[in-house]
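Asks: Once you've had a glance at the structure underneath, I'll fire off some questions.
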Amino acid sequence: KALQREDGASMIRQQIATAKAWGAVNMGVSSRSLAGVAIQRPDFMNALVNIANGNIMPAPGGVLIRDTDNRLIGAVGISGDSSDQDERCAIAGIEGAGLFASV
């Protein structure tokens, strides 16, 4: 488990990034997929976020990490740019570590 905040970044970015990763790993889908659920089933997503004490952020930037056997081993959450760019950065980091990103 690791968390890093760039100098000058707002304090809430840590919570956003963590919520993207937490939601992804606990629901077994990327936070981009959760964003789709939020659009299609907003009442369900509101209930889910409430049950999770606000620890789910349904926006791109939370990407699942899989190993070479396609086993889920964790998630990366990034916040600070557009959600799409956050997701691209997460994918690049995962792949740079020799693992597989699942969006």
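Chain identifiers are assigned as A, B, and so on, following the order in which chains appear in the structure tokens; residues are numbered from 1 within each chain, and ligands are numbered from 1 in order of appearance.
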So that I can check the surroundings of segment 62-69 of chain A, please list as an NGL selection string every protein, DNA and RNA residue that reaches within 12 Å of it, counting only C-alpha atoms and ignoring chain neighbours fewer than 2 positions away.

Replies: :A and (16-35 or 56-60 or 71-79 or 83-103)

Asks: To test your reading of the structure, identify every residue in chain A that backbone DSSP assigns to strand (DSSP E or B), and report it as a PDB file with C-alpha atoms, in the first residue's frame.

Replies:
ATOM      1  CA  GLY A  62      -9.145   3.623 -10.548  1.00  0.00           C
ATOM      2  CA  VAL A  63      -7.620   0.719 -12.473  1.00  0.00           C
ATOM      3  CA  LEU A  64      -7.404  -2.916 -11.415  1.00  0.00           C
ATOM      4  CA  ILE A  65      -3.996  -4.617 -11.316  1.00  0.00           C
ATOM      5  CA  ARG A  66      -3.757  -8.193 -12.545  1.00  0.00           C
ATOM      6  CA  LEU A  72      -6.624  -9.555  -9.222  1.00  0.00           C
ATOM      7  CA  ILE A  73      -3.819  -8.302  -6.988  1.00  0.00           C
ATOM      8  CA  GLY A  74      -4.901  -4.728  -6.267  1.00  0.00           C
ATOM      9  CA  ALA A  75      -5.756  -1.394  -7.820  1.00  0.00           C
ATOM     10  CA  VAL A  76      -4.196   1.975  -8.562  1.00  0.00           C
ATOM     11  CA  GLY A  77      -6.125   5.193  -8.045  1.00  0.00           C
ATOM     12  CA  PHE A 100      -1.615  -5.874 -16.447  1.00  0.00           C
ATOM     13  CA  ALA A 101      -4.174  -3.089 -16.190  1.00  0.00           C
ATOM     14  CA  SER A 102      -7.869  -3.930 -16.270  1.00  0.00           C
TER      15      SER A 102
END

Asks: Give me every alpha helix (DSSP H) residue in chain A, going by DSSP on the backbone, as number ranges by chain.

Replies: A: 12-27, 31-40, 42-51, 83-96

Asks: What is the atom CA of Ser10 of chain A to atom CA of Val49 of chain A distance in Å?

Replies: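 Atom CA of Val49 of chain A lies at a distance of 22.1 Å from atom CA of Ser10 of chain A.
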